[in-house]
$ cat model28.cif   # mmCIF, C-alpha atoms
data_coords
loop_
_atom_site.label_atom_id
_atom_site.label_comp_id
_atom_site.auth_asym_id
_atom_site.auth_seq_id
_atom_site.Cartn_x
_atom_site.Cartn_y
_atom_site.Cartn_z
CA MET A 1 24.57 -6.18 -3.89
CA ARG A 2 21.27 -8.00 -4.42
CA VAL A 3 19.50 -5.14 -6.14
CA ILE A 4 22.26 -4.30 -8.60
CA LYS A 5 20.62 -6.09 -11.48
CA GLU A 6 18.39 -5.30 -14.42
CA PRO A 7 16.38 -3.09 -14.39
CA LEU A 8 17.15 -1.70 -10.93
CA PHE A 9 20.73 -0.97 -11.88
CA HIS A 10 19.46 1.48 -14.50
CA PHE A 11 17.14 3.08 -11.94
CA ILE A 12 20.04 3.50 -9.53
CA LEU A 13 22.07 5.26 -12.23
CA ILE A 14 19.11 7.57 -12.81
CA GLY A 15 18.91 8.17 -9.08
CA ILE A 16 22.59 9.08 -8.89
CA ALA A 17 22.11 11.53 -11.75
CA ILE A 18 19.15 13.14 -9.98
CA PHE A 19 21.05 13.49 -6.71
CA GLY A 20 24.00 14.94 -8.61
CA TRP A 21 21.77 17.45 -10.34
CA PHE A 22 20.21 18.59 -7.07
CA ASN A 23 23.66 18.92 -5.55
CA TRP A 24 24.82 21.02 -8.52
CA VAL A 25 21.87 23.42 -8.60
CA SER A 26 21.51 23.85 -4.84
CA PRO A 27 23.58 26.31 -2.76
CA GLN A 28 26.73 24.74 -1.40
CA SER A 29 26.70 26.62 1.89
CA GLU A 30 25.21 29.58 3.68
CA GLY A 31 28.56 31.37 3.44
CA ASP A 32 29.02 31.41 -0.31
CA ASP A 33 29.07 34.57 -2.46
CA ASN A 34 25.28 34.60 -2.74
CA GLY A 35 24.65 33.95 0.93
CA GLU A 36 23.10 37.40 1.51
CA LYS A 37 21.24 37.53 -1.79
CA ILE A 38 17.64 36.42 -2.19
CA ALA A 39 16.53 36.10 -5.80
CA ILE A 40 12.96 35.15 -6.72
CA ASN A 41 12.89 34.09 -10.37
CA GLU A 42 10.16 33.30 -12.88
CA VAL A 43 10.19 29.61 -11.93
CA ASP A 44 9.41 30.52 -8.33
CA VAL A 45 6.59 32.84 -9.44
CA ASP A 46 5.11 30.19 -11.73
CA LEU A 47 5.17 27.68 -8.88
CA LEU A 48 3.39 30.12 -6.56
CA SER A 49 0.75 30.75 -9.23
CA THR A 50 0.26 27.04 -9.84
CA ARG A 51 -0.21 26.31 -6.14
CA PHE A 52 -2.68 29.18 -5.77
CA GLU A 53 -4.68 28.01 -8.79
CA ALA A 54 -4.75 24.42 -7.51
CA SER A 55 -6.24 25.63 -4.22
CA TRP A 56 -8.63 28.32 -5.45
CA LYS A 57 -9.43 27.08 -8.97
CA ARG A 58 -8.43 30.43 -10.49
CA ALA A 59 -5.31 32.40 -11.26
CA PRO A 60 -4.15 34.89 -8.61
CA SER A 61 -4.66 38.59 -9.14
CA GLU A 62 -1.64 40.89 -9.34
CA ALA A 63 -2.13 41.90 -5.71
CA GLU A 64 -2.47 38.30 -4.58
CA LEU A 65 0.62 37.27 -6.54
CA GLU A 66 2.59 40.14 -5.02
CA ALA A 67 1.47 39.02 -1.57
CA LEU A 68 2.59 35.46 -2.32
CA ILE A 69 6.01 36.70 -3.44
CA ASP A 70 6.34 38.83 -0.29
CA ALA A 71 5.44 35.81 1.83
CA LEU A 72 8.06 33.71 0.03
CA VAL A 73 10.74 36.35 0.61
CA ARG A 74 9.73 36.63 4.27
CA GLU A 75 9.96 32.85 4.65
CA GLU A 76 13.41 32.75 3.02
CA VAL A 77 14.71 35.56 5.25
CA LEU A 78 13.48 33.86 8.41
CA VAL A 79 14.78 30.43 7.34
CA ARG A 80 18.25 31.81 6.61
CA GLU A 81 18.40 33.70 9.89
CA ALA A 82 17.18 30.64 11.79
CA ARG A 83 19.98 28.59 10.21
CA LYS A 84 22.53 31.23 11.21
CA LEU A 85 21.32 30.86 14.78
CA GLY A 86 21.58 27.10 14.48
CA LEU A 87 17.86 26.62 15.10
CA ASP A 88 17.75 23.80 12.56
CA LYS A 89 20.35 21.80 14.47
CA GLY A 90 19.02 18.96 16.55
CA ASP A 91 15.43 19.52 15.42
CA GLN A 92 14.03 16.04 14.87
CA VAL A 93 11.07 17.32 12.84
CA ILE A 94 13.35 19.10 10.37
CA ARG A 95 15.74 16.15 10.18
CA ALA A 96 12.89 13.72 9.56
CA ARG A 97 11.41 15.95 6.87
CA LEU A 98 14.73 16.27 5.04
CA ALA A 99 15.28 12.50 5.21
CA GLN A 100 11.75 11.98 3.92
CA LYS A 101 12.44 14.23 0.93
CA MET A 102 15.59 12.26 0.10
CA GLU A 103 13.59 9.01 0.28
CA PHE A 104 10.96 10.54 -1.98
CA LEU A 105 13.52 11.17 -4.70
CA THR A 106 14.18 7.45 -5.01
CA THR A 107 10.59 6.22 -4.64
CA ALA A 108 9.46 8.75 -7.24
CA ILE A 109 11.79 7.15 -9.77
CA ALA A 110 10.26 3.71 -9.26
CA SER A 111 6.74 5.16 -9.41
CA SER A 112 7.42 6.68 -12.82
CA VAL A 113 8.75 3.51 -14.46
CA ASP A 114 6.56 0.93 -16.17
CA PRO A 115 8.03 -2.60 -16.26
CA ASP A 116 7.56 -4.64 -19.39
CA GLU A 117 5.04 -7.49 -19.57
CA ALA A 118 7.58 -10.27 -18.99
CA GLU A 119 9.02 -8.62 -15.90
CA LEU A 120 5.60 -7.99 -14.37
CA GLN A 121 4.53 -11.59 -15.08
CA ALA A 122 7.72 -12.89 -13.47
CA TYR A 123 7.08 -10.72 -10.42
CA LEU A 124 3.54 -12.10 -10.13
CA GLU A 125 4.79 -15.70 -10.29
CA ASP A 126 7.63 -15.07 -7.82
CA ASN A 127 5.20 -13.53 -5.34
CA ALA A 128 2.16 -15.68 -6.04
CA GLU A 129 1.22 -15.99 -2.36
CA ARG A 130 0.54 -12.24 -2.19
CA PHE A 131 -2.01 -12.33 -4.97
CA MET A 132 -3.79 -15.64 -4.41
CA THR A 133 -7.58 -15.34 -4.19
CA PRO A 134 -9.25 -17.30 -1.38
CA SER A 135 -11.60 -20.20 -1.88
CA LEU A 136 -15.26 -19.18 -1.70
CA VAL A 137 -18.34 -21.11 -0.63
CA ALA A 138 -22.07 -20.35 -0.64
CA PHE A 139 -24.70 -22.31 1.26
CA ASP A 140 -28.09 -22.46 2.91
CA GLN A 141 -28.39 -23.67 6.49
CA VAL A 142 -31.08 -24.81 8.87
CA PHE A 143 -30.17 -24.37 12.52
CA LEU A 144 -31.09 -27.30 14.74
CA GLY A 145 -30.13 -25.73 18.07
CA GLU A 146 -27.22 -26.37 20.40
CA THR A 147 -27.96 -30.10 20.37
CA ALA A 148 -30.35 -32.26 18.36
CA GLU A 149 -31.42 -35.85 18.80
CA PRO A 150 -30.85 -38.16 15.82
CA SER A 151 -34.61 -38.53 15.43
CA GLU A 152 -35.00 -34.72 15.23
CA VAL A 153 -32.24 -34.50 12.62
CA ALA A 154 -33.88 -37.25 10.56
CA GLU A 155 -37.27 -35.55 10.75
CA VAL A 156 -36.00 -32.19 9.53
CA LEU A 157 -33.87 -33.82 6.85
CA SER A 158 -36.90 -35.74 5.61
CA ALA A 159 -38.91 -32.52 5.43
CA LEU A 160 -36.14 -30.85 3.48
CA ASN A 161 -35.90 -33.69 0.98
CA SER A 162 -39.67 -33.70 0.51
CA GLY A 163 -39.59 -30.11 -0.66
CA GLU A 164 -40.96 -28.27 2.38
CA ASP A 165 -40.06 -24.58 2.79
CA TRP A 166 -36.63 -24.96 4.36
CA SER A 167 -36.58 -21.36 5.62
CA GLN A 168 -39.40 -22.24 8.04
CA LEU A 169 -37.70 -25.31 9.49
CA GLY A 170 -35.36 -25.68 12.42
CA VAL A 171 -34.78 -23.36 15.38
CA PRO A 172 -35.05 -19.59 14.80
CA SER A 173 -31.76 -17.72 15.22
CA LEU A 174 -29.96 -14.57 14.16
CA LEU A 175 -27.58 -16.56 11.96
CA LEU A 176 -27.76 -16.03 8.20
CA GLN A 177 -29.90 -18.70 6.60
CA THR A 178 -28.35 -18.06 3.19
CA MET A 179 -24.65 -17.30 2.92
CA PRO A 180 -23.58 -15.85 -0.45
CA LEU A 181 -20.21 -16.73 -1.99
CA SER A 182 -17.81 -15.82 0.81
CA ALA A 183 -14.22 -16.51 1.77
CA LEU A 184 -13.79 -19.40 4.19
CA SER A 185 -12.40 -17.00 6.79
CA VAL A 186 -15.61 -14.93 6.55
CA VAL A 187 -17.73 -18.05 7.02
CA ASP A 188 -15.72 -19.02 10.08
CA SER A 189 -16.08 -15.54 11.54
CA ALA A 190 -19.86 -15.90 11.29
CA PHE A 191 -20.29 -19.55 12.32
CA GLY A 192 -17.18 -20.33 14.31
CA ARG A 193 -13.66 -21.52 13.56
CA GLY A 194 -13.49 -24.69 11.50
CA PHE A 195 -17.09 -24.57 10.26
CA SER A 196 -16.09 -23.82 6.67
CA GLY A 197 -13.74 -26.80 6.59
CA ASN A 198 -16.75 -29.12 6.86
CA LEU A 199 -18.43 -27.61 3.80
CA THR A 200 -15.92 -27.87 0.98
CA ASP A 201 -16.28 -31.65 0.58
CA LEU A 202 -20.07 -31.73 0.71
CA GLU A 203 -22.05 -32.68 -2.38
CA MET A 204 -23.51 -29.66 -4.17
CA SER A 205 -27.25 -28.89 -3.81
CA ILE A 206 -27.83 -31.75 -1.36
CA TRP A 207 -28.89 -31.22 2.24
CA SER A 208 -26.24 -32.73 4.50
CA GLY A 209 -25.39 -32.86 8.17
CA PRO A 210 -25.60 -32.28 10.94
CA ILE A 211 -22.59 -29.94 10.81
CA GLN A 212 -21.26 -28.57 14.08
CA SER A 213 -20.67 -24.82 14.41
CA GLY A 214 -19.77 -22.62 17.32
CA TYR A 215 -23.49 -22.29 18.06
CA GLY A 216 -24.79 -25.78 17.60
CA GLN A 217 -25.80 -28.12 14.80
CA HIS A 218 -26.90 -27.33 11.27
CA LEU A 219 -28.18 -29.03 8.16
CA VAL A 220 -26.39 -27.47 5.21
CA ARG A 221 -26.93 -27.29 1.45
CA VAL A 222 -23.90 -26.03 -0.47
CA THR A 223 -25.04 -23.87 -3.38
CA GLY A 224 -21.71 -22.74 -4.79
CA ILE A 225 -17.98 -23.29 -4.53
CA GLN A 226 -15.25 -21.25 -6.16
CA ALA A 227 -11.73 -22.52 -5.80
CA GLY A 228 -9.03 -20.04 -4.92
CA GLY A 229 -5.97 -19.57 -7.07
CA LEU A 230 -3.65 -17.17 -8.78
CA PRO A 231 -5.52 -14.74 -11.07
CA SER A 232 -4.11 -13.87 -14.47
CA LEU A 233 -1.96 -10.78 -14.78
CA ASP A 234 -4.63 -9.05 -16.87
CA ASP A 235 -7.14 -9.42 -14.04
CA ILE A 236 -4.96 -7.89 -11.31
CA ARG A 237 -2.49 -5.79 -13.27
CA GLU A 238 -2.92 -2.64 -11.17
CA ALA A 239 -2.41 -4.51 -7.89
CA VAL A 240 0.71 -6.26 -9.21
CA LEU A 241 2.11 -3.04 -10.66
CA SER A 242 1.51 -1.22 -7.37
CA GLU A 243 3.35 -3.91 -5.41
CA TRP A 244 6.17 -4.02 -7.95
CA ARG A 245 6.66 -0.28 -7.68
CA ARG A 246 6.54 -0.34 -3.88
CA GLU A 247 9.13 -3.10 -3.65
CA THR A 248 11.27 -1.59 -6.39
CA GLY A 249 11.17 1.74 -4.57
CA ASP A 250 12.26 0.07 -1.32
CA ASP A 251 15.14 -1.74 -3.04
CA LEU A 252 16.18 1.37 -4.90
CA ALA A 253 16.08 3.48 -1.75
CA GLN A 254 18.31 0.99 0.08
CA ALA A 255 20.76 0.74 -2.82
CA GLN A 256 20.88 4.52 -3.15
CA TYR A 257 21.43 4.87 0.60
CA GLU A 258 24.34 2.43 0.50
CA ILE A 259 25.94 4.39 -2.34
CA LEU A 260 25.54 7.68 -0.48
CA ALA A 261 26.64 6.25 2.87
CA ALA A 262 29.82 4.93 1.27
CA GLN A 263 30.99 8.55 0.94
CA TYR A 264 31.15 8.92 4.73
CA GLU A 265 33.32 7.51 7.49
CA ILE A 266 30.70 6.27 9.92
CA GLN A 267 31.52 5.55 13.54
CA THR A 268 29.08 4.19 16.11
CA PRO A 269 29.46 3.05 19.74
CA THR A 270 29.01 -0.58 18.63
CA GLY A 271 31.58 -0.24 15.85
CA GLU A 272 29.01 -1.02 13.15
CA GLY A 273 29.65 0.84 9.93
CA ASP A 274 33.25 1.72 10.78
CA ASP A 275 34.31 0.15 7.50
CA GLN A 276 32.35 2.72 5.44
#
$ encode --input "model28.cif" --output "structure tokens"
Amino acid sequence: MRVIKEPLFHFILIGIAIFGWFNWVSPQSEGDDNGEKIAINEVDVDLLSTRFEASWKRAPSEAELEALIDALVREEVLVREARKLGLDKGDQVIRARLAQKMEFLTTAIASSVDPDEAELQAYLEDNAERFMTPSLVAFDQVFLGETAEPSEVAEVLSALNSGEDWSQLGVPSLLLQTMPLSALSVVDSAFGRGFSGNLTDLEMSIWSGPIQSGYGQHLVRVTGIQAGGLPSLDDIREAVLSEWRRETGDDLAQAQYEILAAQYEIQTPTGEGDDQ
């Protein structure tokens, strides 16, 4: 199995131990010796108190705690009687909730584990495309309108090079005259697809053009370029750790499922899984 390797193999062993512990401490069936006995212990009371305090920012009074215990007993009675009537059978909401809790047991394991530096660095390098930062470009632009004659372009360009106030030149529009450092995709969303591709090779701080956008022609002065790339682990540690845990949780959940499913003989109309 692909995921049976360090350190996931250790996590899977922990997962098996957790599932075994839950199986040991939980009731085996509704018909066992304690099937008609409802016992609320100190652990249950502490949990009720903790939940109350988390919601109300204070400890419950004796009367409130007694009411919580009564509500818990009532819930347990009704749940047991509902099970006796088979009301839990075929209920998709209940089935989905139980499956979700089983999945949570495995994902919680991955969420509680911190990989060492070498493993996290290796994960970053193996999944570099997920963490690459985009190239950024900043520029000023003078809009020349949908079309501009060569003589008009030359006139505006001459004015720009002579030091005239560039913000007062060209054709007024709602387009940003100054674009701060932005991803190329953001530039294209503002000026039209492909516009950013004409900027990255321009000489810095020099008015150039005309450059065609989705609206017309522009004279452009690039004021900043920041190449994209893979950040260092120190710069994006939390993002890498989050992704590592998510993927580790997915792999662990699948491995745990395969181990659990192997205990059953599974038959389907298509014949898939009959070898379990």
$ resolve_selection --input "model28.cif" --expression "the PyMOL selection byres ((chain A and resi 202) around 12)" --output "PyMOL selection string"
chain A and resi 137-139+196-201+203-211+219-225
$ resolve_selection --input "model28.cif" --expression "the PyMOL selection byres ((chain A and resi 39-41) around 10)" --output "compact mmCIF listing (two decimals) with C-alpha atoms, keeping the file's coordinate frame"
# COMPACT_ATOMS: atom_id res chain seq x y z
CA ASN A 34 25.28 34.60 -2.74
CA GLU A 36 23.10 37.40 1.51
CA LYS A 37 21.24 37.53 -1.79
CA ILE A 38 17.64 36.42 -2.19
CA GLU A 42 10.16 33.30 -12.88
CA VAL A 43 10.19 29.61 -11.93
CA ASP A 44 9.41 30.52 -8.33
CA VAL A 45 6.59 32.84 -9.44
CA ASP A 46 5.11 30.19 -11.73
CA ILE A 69 6.01 36.70 -3.44
CA ASP A 70 6.34 38.83 -0.29
CA LEU A 72 8.06 33.71 0.03
CA VAL A 73 10.74 36.35 0.61
CA GLU A 76 13.41 32.75 3.02
$ residues_near_point --input "model28.cif" --point "(10.5, -10.4, -13.0)" --cutoff "12 Å" --atoms "only C-alpha atoms" --output "count of residues only"
22
$ atom_distance --input "model28.cif" --atom1 "CA of Phe104 (chain A)" --atom2 "CA of Gly249 (chain A)"
9.2 Å
$ atom_distance --input "model28.cif" --atom1 "CA of Glu164 (chain A)" --atom2 "CA of Val187 (chain A)"
25.8 Å
$ closest_residue --input "model28.cif" --among "A:Ala128, A:Val171, A:Leu47, A:Val113" --to "Glu152 (chain A)" --atoms "all atoms listed in the file"
A:Val171
$ closest_residue --input "model28.cif" --among "A:Asp140, A:Glu265, A:Glu81, A:Asp91" --to "Met179 (chain A)" --atoms "all atoms listed in the file"
A:Asp140
$ residues_near_point --input "model28.cif" --point "(-7.4, -15.8, 1.2)" --cutoff "10 Å" --atoms "all atoms listed in the file" --output "ChimeraX atom specification"
/A:129-136,183-186,228-229
